[in-house]
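Below: one structure, written as structure tokens.
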Amino acid sequence: MKLKMVNGAGELQVSEATFGREFNEALVHQVVTAYRAAGRAGTKAQKTRAEVRGGGKKPWSQKGTGQARAGSSRSPIWVGGGRTFAAKPRSFEQKVNRKMYRGAIRVMLSELARSERLVVTEALALDAPKTRLLAGQLKAWSLSRVLIVVEALDEKLLLAARNLPYVEVIDVGALNPVSLARHDSVLMTVGAVKMIEERLQ
């Protein structure tokens with residue numbers, strides 16, 4: 001299989017095992033959902049009627065007052081009372097096997113390549129950490145909402161990209177399904193492609 005090169009250098013031959021898989025929507029959905037769930041803090045906490053301070057004394061007599069029966073001023077239906085089904089800290093983590101995770105990455109890369117949304121460049125080096133330099137280069141390649149994947153992070157590239165909306169720069173080690181799904185297109189260096197092929201063998 002071949003990937004398109006943006007700087008007019010022809011095409012790059014890549015592995016069918018990594019970039020030629022059939023799309024599996026169920027697998028991608030499960031892995032993306034699990035990845036997003038793992039990013040949740042899960043620290044939300046509320047108090048039940050047993051944990052709210054006060055409410056030890058019965059507010060008024062059971063009978064004879066004309067009021068509704070009440071046993072505690074910290075009942076969930078009272079202002080200042082506890083929550084009926086109080087939220088407690090918990091983990092939202094979902095188990096995803098390594099084989100499934102890597103399979104989802106392969107499937108997503110394959111779909112990007114099939115739809116010609118995955119392009120490759122020999123290198124992406126800037127003379128200075130200037131946003132206009134990177135913006136001009138991406139405009140010349142007709143790329144706007146783009147994920148840039150490099151083999152190693154470059155400070156000039158990071159500084160140039162951080163002020164561009166919808167442009168994200170990551171290295172191969174940080175490649176993840178959510179970033180792949182979030183952007184319209186993906187730009188990779190040749191070195192990044194080779195590293196991804198080695199990791200996903």
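Labels for the structure tokens follow display order: chains A, B, ..., residues from 1 in each chain, ligands from 1.
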
With 7 Å as the cut-off and only C-alpha atoms counted, what is the closest atom pair between each nearby residue of stretch 65-123 of chain A and stretch 163-185 of chain A? Distances in Å to one decimal, ordered by chain and number, as JSON lines.
```
{"residue": "A:Ile105", "atom": "CA", "partner": "A:Pro177", "partner_atom": "CA", "distance": 6.2}
{"residue": "A:Arg117", "atom": "CA", "partner": "A:Ser185", "partner_atom": "CA", "distance": 4.7}
{"residue": "A:Leu118", "atom": "CA", "partner": "A:Ser185", "partner_atom": "CA", "distance": 5.9}
```

Restrict the selected residues to N, CA and C atoms and save them as a PDB file, in the first residue's frame.
```
ATOM      1  N   ILE A 105      -6.248   1.267  16.521  1.00  0.00           N
ATOM      2  CA  ILE A 105      -5.344   2.246  15.906  1.00  0.00           C
ATOM      3  C   ILE A 105      -5.082   1.862  14.446  1.00  0.00           C
ATOM      4  N   ARG A 117      -7.125  10.954   3.766  1.00  0.00           N
ATOM      5  CA  ARG A 117      -6.998  11.976   4.814  1.00  0.00           C
ATOM      6  C   ARG A 117      -5.704  11.814   5.599  1.00  0.00           C
ATOM      7  N   LEU A 118      -4.917  10.818   5.252  1.00  0.00           N
ATOM      8  CA  LEU A 118      -3.610  10.591   5.875  1.00  0.00           C
ATOM      9  C   LEU A 118      -2.536  10.898   4.847  1.00  0.00           C
TER      10      LEU A 118
END
```

Exercise for the section: From the DSSP assignment of the backbone, select every residue of stretch 36-160 of chain A that is strand (DSSP E), and format the answer as a PyMOL selection string. Expected result: chain A and resi 118-121+146-150

Exercise for the section: Find the residues around A:Met100 up to 12 Å (only C-alpha atoms counted), leave out those fewer than 5 positions away in its own chain, and share them as a PyMOL selection string. Expected result: chain A and resi 24+26-32+34+95+105-107+177+200

Save out the residues we just selected, C-alpha atoms, as a CSV table (one decimal), in the first residue's frame.
```
chain,number,residue,atom,x,y,z
A,24,ASN,CA,-14.4,-2.1,12.3
A,26,ALA,CA,-17.7,-1.4,16.9
A,27,LEU,CA,-14.1,-1.8,17.9
A,28,VAL,CA,-13.3,1.8,17.3
A,29,HIS,CA,-16.3,3.0,19.3
A,30,GLN,CA,-15.4,0.7,22.2
A,31,VAL,CA,-11.8,1.9,22.3
A,32,VAL,CA,-12.6,5.6,21.9
A,34,ALA,CA,-12.9,3.6,27.0
A,95,LYS,CA,-10.8,-2.7,30.4
A,105,ILE,CA,-5.3,2.2,15.9
A,106,ARG,CA,-4.6,0.1,12.8
A,107,VAL,CA,-8.3,0.3,11.7
A,177,PRO,CA,-7.7,7.0,19.1
A,200,LEU,CA,1.9,-2.1,15.5
```

Handout entry: Nearest to A:Leu147, chosen from A:Met195, A:Leu112, A:Ser73, A:Gly82, with only C-alpha atoms counted in the distances
Key = A:Leu112

Exercise for the section: Extract, using only C-alpha atoms, all DNA, RNA and protein residues at most 10 Å from A:Ser142, discarding same-chain residues fewer than 5 positions from it, and format them as a list of chain:residue names. Expected result: A:Val6, A:Gly136, A:Gln137

Problem - Given only C-alpha atoms as the counted atoms, nearest of A:Asp127, A:Glu93, A:Glu122, A:Glu116 to A:Ala37 - result: A:Glu93

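When only C-alpha atoms are used to compute distances to A:Val119, the closest of the residues A:Thr33, A:Ser15, A:Gln94, A:Asn7 turns out to be A:Asn7.
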
Exercise for the section: Grab the atom CA of A:Gly42 to atom CA of A:Arg102 distance for me, in Å with one decimal place. Expected result: 25.9 Å

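The space between atom CA of A:Ala87 and atom CA of A:Arg74 spans 17.0 Å.
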
Handout entry: Two-atom distance - atom CA of A:Leu157, atom CA of A:Ala128 (Å)
Key = 8.5 Å
